[in-house]
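**Student:** Structure file upload-v2.cif, mmCIF, C-alpha atoms, is pasted below:
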```cif
data_start
#
loop_
_atom_site.label_atom_id
_atom_site.label_comp_id
_atom_site.auth_asym_id
_atom_site.auth_seq_id
_atom_site.Cartn_x
_atom_site.Cartn_y
_atom_site.Cartn_z
CA MET A 1 -66.99 2.46 -15.75
CA THR A 2 -69.19 3.37 -12.82
CA ASP A 3 -69.76 6.93 -11.85
CA LYS A 4 -68.15 7.38 -8.47
CA PRO A 5 -68.92 10.49 -6.51
CA ALA A 6 -65.81 12.66 -6.22
CA THR A 7 -64.30 12.56 -2.77
CA PRO A 8 -64.37 16.05 -1.31
CA VAL A 9 -61.04 17.74 -0.77
CA THR A 10 -60.27 18.10 2.91
CA PHE A 11 -57.52 19.79 4.86
CA ALA A 12 -56.23 16.36 5.93
CA ARG A 13 -56.01 15.12 2.32
CA LEU A 14 -54.16 18.24 1.22
CA LEU A 15 -51.83 18.00 4.20
CA ASP A 16 -51.10 14.39 3.23
CA ARG A 17 -50.19 15.57 -0.28
CA ALA A 18 -48.03 18.32 1.20
CA THR A 19 -46.21 15.78 3.35
CA ARG A 20 -45.44 13.60 0.35
CA ILE A 21 -44.23 16.56 -1.72
CA LEU A 22 -42.07 18.14 0.99
CA ALA A 23 -40.64 14.84 2.23
CA MET A 24 -38.46 14.53 -0.86
CA ARG A 25 -36.72 17.91 -0.74
CA ASP A 26 -37.24 21.58 0.07
CA HIS A 27 -39.47 23.55 -2.28
CA SER A 28 -40.16 27.24 -2.80
CA GLU A 29 -43.72 28.35 -2.09
CA ALA A 30 -44.46 28.92 -5.80
CA GLU A 31 -43.07 25.50 -6.73
CA PHE A 32 -45.05 23.90 -3.89
CA ARG A 33 -48.31 25.52 -5.05
CA ARG A 34 -47.73 24.23 -8.58
CA LYS A 35 -47.01 20.72 -7.35
CA MET A 36 -50.09 20.70 -5.14
CA ALA A 37 -52.24 21.55 -8.15
CA GLN A 38 -50.49 18.92 -10.28
CA SER A 39 -50.93 16.25 -7.62
CA ALA A 40 -54.68 16.89 -7.55
CA ALA A 41 -54.88 16.49 -11.34
CA ARG A 42 -52.76 13.31 -11.27
CA ALA A 43 -54.84 11.79 -8.49
CA ALA A 44 -58.01 12.42 -10.51
CA MET A 45 -56.50 10.80 -13.61
CA ARG A 46 -55.27 7.82 -11.62
CA HIS A 47 -58.72 7.16 -10.18
CA ASP A 48 -60.51 7.97 -13.44
CA GLU A 49 -62.42 10.79 -11.79
CA PRO A 50 -62.97 14.38 -12.81
CA ALA A 51 -60.31 16.75 -11.51
CA GLU A 52 -61.28 18.07 -8.11
CA GLU A 53 -61.63 21.77 -7.52
CA ILE A 54 -59.44 22.77 -4.60
CA PRO A 55 -60.68 25.88 -2.81
CA GLU A 56 -57.99 28.57 -2.64
CA GLU A 57 -58.59 29.15 1.08
CA LEU A 58 -57.84 25.46 1.75
CA ILE A 59 -54.52 25.72 -0.08
CA GLU A 60 -53.73 28.87 1.89
CA GLN A 61 -54.46 27.01 5.15
CA VAL A 62 -52.10 24.18 4.15
CA ILE A 63 -49.37 26.64 3.16
CA ALA A 64 -49.78 28.56 6.43
CA TRP A 65 -49.60 25.27 8.36
CA CYS A 66 -46.43 24.27 6.47
CA TYR A 67 -44.79 27.65 7.22
CA GLU A 68 -45.84 27.42 10.87
CA HIS A 69 -44.22 23.99 11.24
CA SER A 70 -41.11 24.95 9.19
CA TRP A 71 -41.90 22.55 6.37
CA LEU A 72 -41.87 25.40 3.90
CA ASP A 73 -39.30 28.19 4.04
CA ASP A 74 -38.24 30.18 0.97
CA VAL A 75 -35.10 31.52 2.71
CA ARG A 76 -33.89 28.04 3.64
CA PHE A 77 -34.80 26.76 0.17
CA ALA A 78 -32.80 29.52 -1.54
CA GLN A 79 -29.74 28.99 0.69
CA ARG A 80 -29.71 25.23 0.14
CA PHE A 81 -30.36 25.62 -3.58
CA VAL A 82 -27.40 27.99 -4.00
CA ILE A 83 -25.05 25.62 -2.19
CA SER A 84 -26.35 22.58 -4.07
CA ARG A 85 -26.09 24.12 -7.52
CA SER A 86 -22.67 25.65 -6.85
CA ARG A 87 -21.37 22.21 -5.86
CA LYS A 88 -22.60 20.91 -9.20
CA GLY A 89 -20.46 23.48 -10.99
CA TYR A 90 -22.97 26.21 -11.78
CA GLY A 91 -22.20 29.91 -11.56
CA PRO A 92 -24.14 32.75 -9.94
CA GLN A 93 -25.94 33.89 -13.10
CA ARG A 94 -27.38 30.44 -13.79
CA ILE A 95 -28.31 29.91 -10.13
CA ARG A 96 -30.05 33.31 -10.00
CA MET A 97 -32.03 32.43 -13.15
CA GLU A 98 -33.05 29.01 -11.77
CA LEU A 99 -34.16 30.58 -8.48
CA ALA A 100 -36.34 33.03 -10.41
CA GLN A 101 -37.89 30.10 -12.29
CA LYS A 102 -38.71 28.50 -8.96
CA GLY A 103 -40.49 31.62 -7.75
CA ILE A 104 -37.78 33.13 -5.56
CA GLY A 105 -37.62 36.93 -5.70
CA ARG A 106 -34.53 38.78 -6.87
CA GLU A 107 -33.76 40.24 -3.44
CA LEU A 108 -33.95 36.85 -1.70
CA ALA A 109 -31.82 35.28 -4.44
CA GLU A 110 -29.16 37.99 -4.07
CA THR A 111 -29.15 37.53 -0.30
CA ALA A 112 -28.75 33.76 -0.60
CA LEU A 113 -25.92 34.14 -3.12
CA SER A 114 -24.03 36.65 -0.97
CA GLU A 115 -24.54 34.71 2.28
CA ALA A 116 -23.17 31.55 0.69
CA GLU A 117 -19.72 33.20 0.60
CA ILE A 118 -18.61 31.18 -2.42
CA ASP A 119 -15.40 32.01 -4.25
CA TRP A 120 -16.85 32.02 -7.76
CA GLY A 121 -13.41 32.31 -9.38
CA ALA A 122 -12.29 29.12 -7.65
CA GLN A 123 -15.60 27.47 -8.58
CA ALA A 124 -15.07 28.43 -12.24
CA LEU A 125 -11.53 27.05 -12.15
CA ASP A 126 -12.78 23.81 -10.61
CA ALA A 127 -15.49 23.44 -13.30
CA ALA A 128 -12.99 24.16 -16.09
CA GLU A 129 -10.47 21.75 -14.59
CA ARG A 130 -13.07 18.94 -14.39
CA LYS A 131 -14.08 19.47 -18.02
CA PHE A 132 -10.76 20.31 -19.68
CA GLY A 133 -8.04 19.19 -17.25
CA LEU A 134 -4.93 21.06 -16.23
CA PRO A 135 -3.17 22.95 -17.61
CA LEU A 136 -6.05 24.80 -19.20
CA PRO A 137 -5.75 25.38 -22.95
CA GLN A 138 -3.83 28.51 -23.97
CA GLU A 139 -4.57 28.55 -27.72
CA TRP A 140 -7.38 30.90 -28.65
CA LYS A 141 -9.59 28.22 -30.26
CA GLN A 142 -9.44 25.93 -27.22
CA LYS A 143 -9.53 28.83 -24.79
CA SER A 144 -12.77 30.04 -26.38
CA LYS A 145 -14.30 26.60 -25.74
CA VAL A 146 -13.48 26.98 -22.06
CA LEU A 147 -14.94 30.48 -22.08
CA ARG A 148 -18.22 29.37 -23.75
CA TYR A 149 -18.52 26.37 -21.43
CA LEU A 150 -18.13 28.48 -18.29
CA GLN A 151 -20.50 31.15 -19.59
CA ALA A 152 -23.12 28.46 -20.24
CA LYS A 153 -22.61 27.25 -16.68
CA GLY A 154 -23.47 30.76 -15.48
CA PHE A 155 -20.11 32.27 -14.51
CA PHE A 156 -19.34 35.95 -14.94
CA MET A 157 -16.68 37.00 -17.43
CA GLU A 158 -14.48 38.43 -14.66
CA ASP A 159 -14.40 35.03 -12.93
CA ILE A 160 -13.46 33.35 -16.19
CA GLN A 161 -10.74 35.92 -16.88
CA TRP A 162 -9.48 35.50 -13.30
CA ILE A 163 -8.73 31.85 -14.11
CA TYR A 164 -6.30 32.78 -16.88
CA ARG A 165 -4.78 35.78 -15.08
CA ASN A 166 -4.06 33.97 -11.81
CA ASN A 167 -3.46 30.38 -12.88
CA ASP A 168 -0.80 30.36 -15.57
CA ASP A 169 0.46 26.85 -14.79
#
```
Mind turning this structure into structure tokens?
**Tutor:**
Amino acid sequence: MTDKPATPVTFARLLDRATRILAMRDHSEAEFRRKMAQSAARAAMRHDEPAEEIPEELIEQVIAWCYEHSWLDDVRFAQRFVISRSRKGYGPQRIRMELAQKGIGRELAETALSEAEIDWGAQALDAAERKFGLPLPQEWKQKSKVLRYLQAKGFFMEDIQWIYRNNDD
């Protein structure tokens, strides 16, 4: 192994990393920062070099550039995330929790959830129907399985109860 001098981190190199990260999908700013740091560590491992120290002001410049060119937008990310996760059968509680894990603030998460105008009762019915079929079970033991399943998916109890009150087929 020969000792190679570490290539200095430049704005252009970081912007190239940003392009590769953001080309796949939208990211929140917090998630993007984490991935930028991970990509630097991975690049160092791949080239058998010591991990490069990225100056914080350089990361801030890249993030500012990404915001300026609409590559990074927490509002857009939150809106798309809510729609995407609701289509996959997740409820508002689970989506709110996942947004928090991705660095989206509570207020922004609430705004994205309310602007999505999703009928969570209908979403809960659709998720239950896909898992258990129609008609939904009416015996307590089977009904409790539906209840636990929908709670794990992040639906509120009132949405779950709405299914049984309004869909007695």
**Student:** Set the distance at 9 Å and use all atoms listed in the file: which residues neighbour region 67-76 of chain A once local chain neighbours fewer than 4 positions away are removed? I'd like the list as number ranges by chain.
**Tutor:** A: 19, 22-23, 26-29, 32, 62-63, 80-81, 104, 108-109, 111-112
**Student:** Name all residues at most 12 Å from Glu98 (chain A) (count only C-alpha atoms; drop same-chain ones fewer than 3 positions away) and give them as number ranges by chain.
**Tutor:** A: 28, 31, 78, 81-82, 85-86, 90-95, 101-106, 109, 153-154
**Student:** Rank nothing, just name the residue among A:Phe155, A:Trp162, A:Phe77, A:Tyr149 nearest to Arg130 (chain A), using only C-alpha atoms.
**Tutor:** A:Tyr149
**Student:** Compile the contact shell of Ile59 (chain A) as a VMD selection string: residues with an atom at most 9 Å away, counting only C-alpha atoms, same-chain residues fewer than 4 positions apart removed.
**Tutor:** chain A and resid 11 14 33 36 54 to 55 63 to 64
**Student:** Suppose you want the space between CA of Glu115 (chain A) and CA of Asp159 (chain A); what is it in Å?
**Tutor:**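 Computing it gives 18.3 Å between the two atoms.
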**Student:** In terms of the shortest atom-to-atom distance over all atoms listed in the file, which of A:Gln151, A:Gln79, A:Cys66, A:Gln123 is closest to Glu110 (chain A)?
**Tutor:**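 Using all atoms listed in the file, Glu110 (chain A) sits closest to A:Gln79.
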**Student:** Find the distance between CA of Ala30 (chain A) and CA of Arg42 (chain A) and write it in Å to one decimal.
**Tutor:** 18.5 Å
**Student:** Please indicate the distance in Å from CA of Ile163 (chain A) to CA of Leu125 (chain A), rounded to one decimal place.
**Tutor:**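 Straight-line distance from CA of Ile163 (chain A) to CA of Leu125 (chain A) works out to 5.9 Å.
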**Student:** Identify, on the basis of only C-alpha atoms, every residue whose closest approach to Pro135 (chain A) does not exceed 12 Å; exclude the query and any residue fewer than 2 positions from it along the same chain; express the result as an MDAnalysis selection string.
**Tutor:** chainID A and resid 125:126 128:133 137:139 142:143 146 163:164 167:169
**Student:** For Ile83 (chain A), which of A:Leu99, A:Ala37, A:Leu113, A:Leu58 is the closest residue, counting all atoms listed in the file?
**Tutor:**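 Closest to Ile83 (chain A), using all atoms listed in the file: A:Leu113.
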**Student:** Let me make sure I understand: among A:Glu158, A:Glu107, A:Glu57, A:Asp48, which one has the smallest atom-to-atom distance to Gly121 (chain A) if we use only C-alpha atoms?
**Tutor:**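 Using only C-alpha atoms, Gly121 (chain A) sits closest to A:Glu158.
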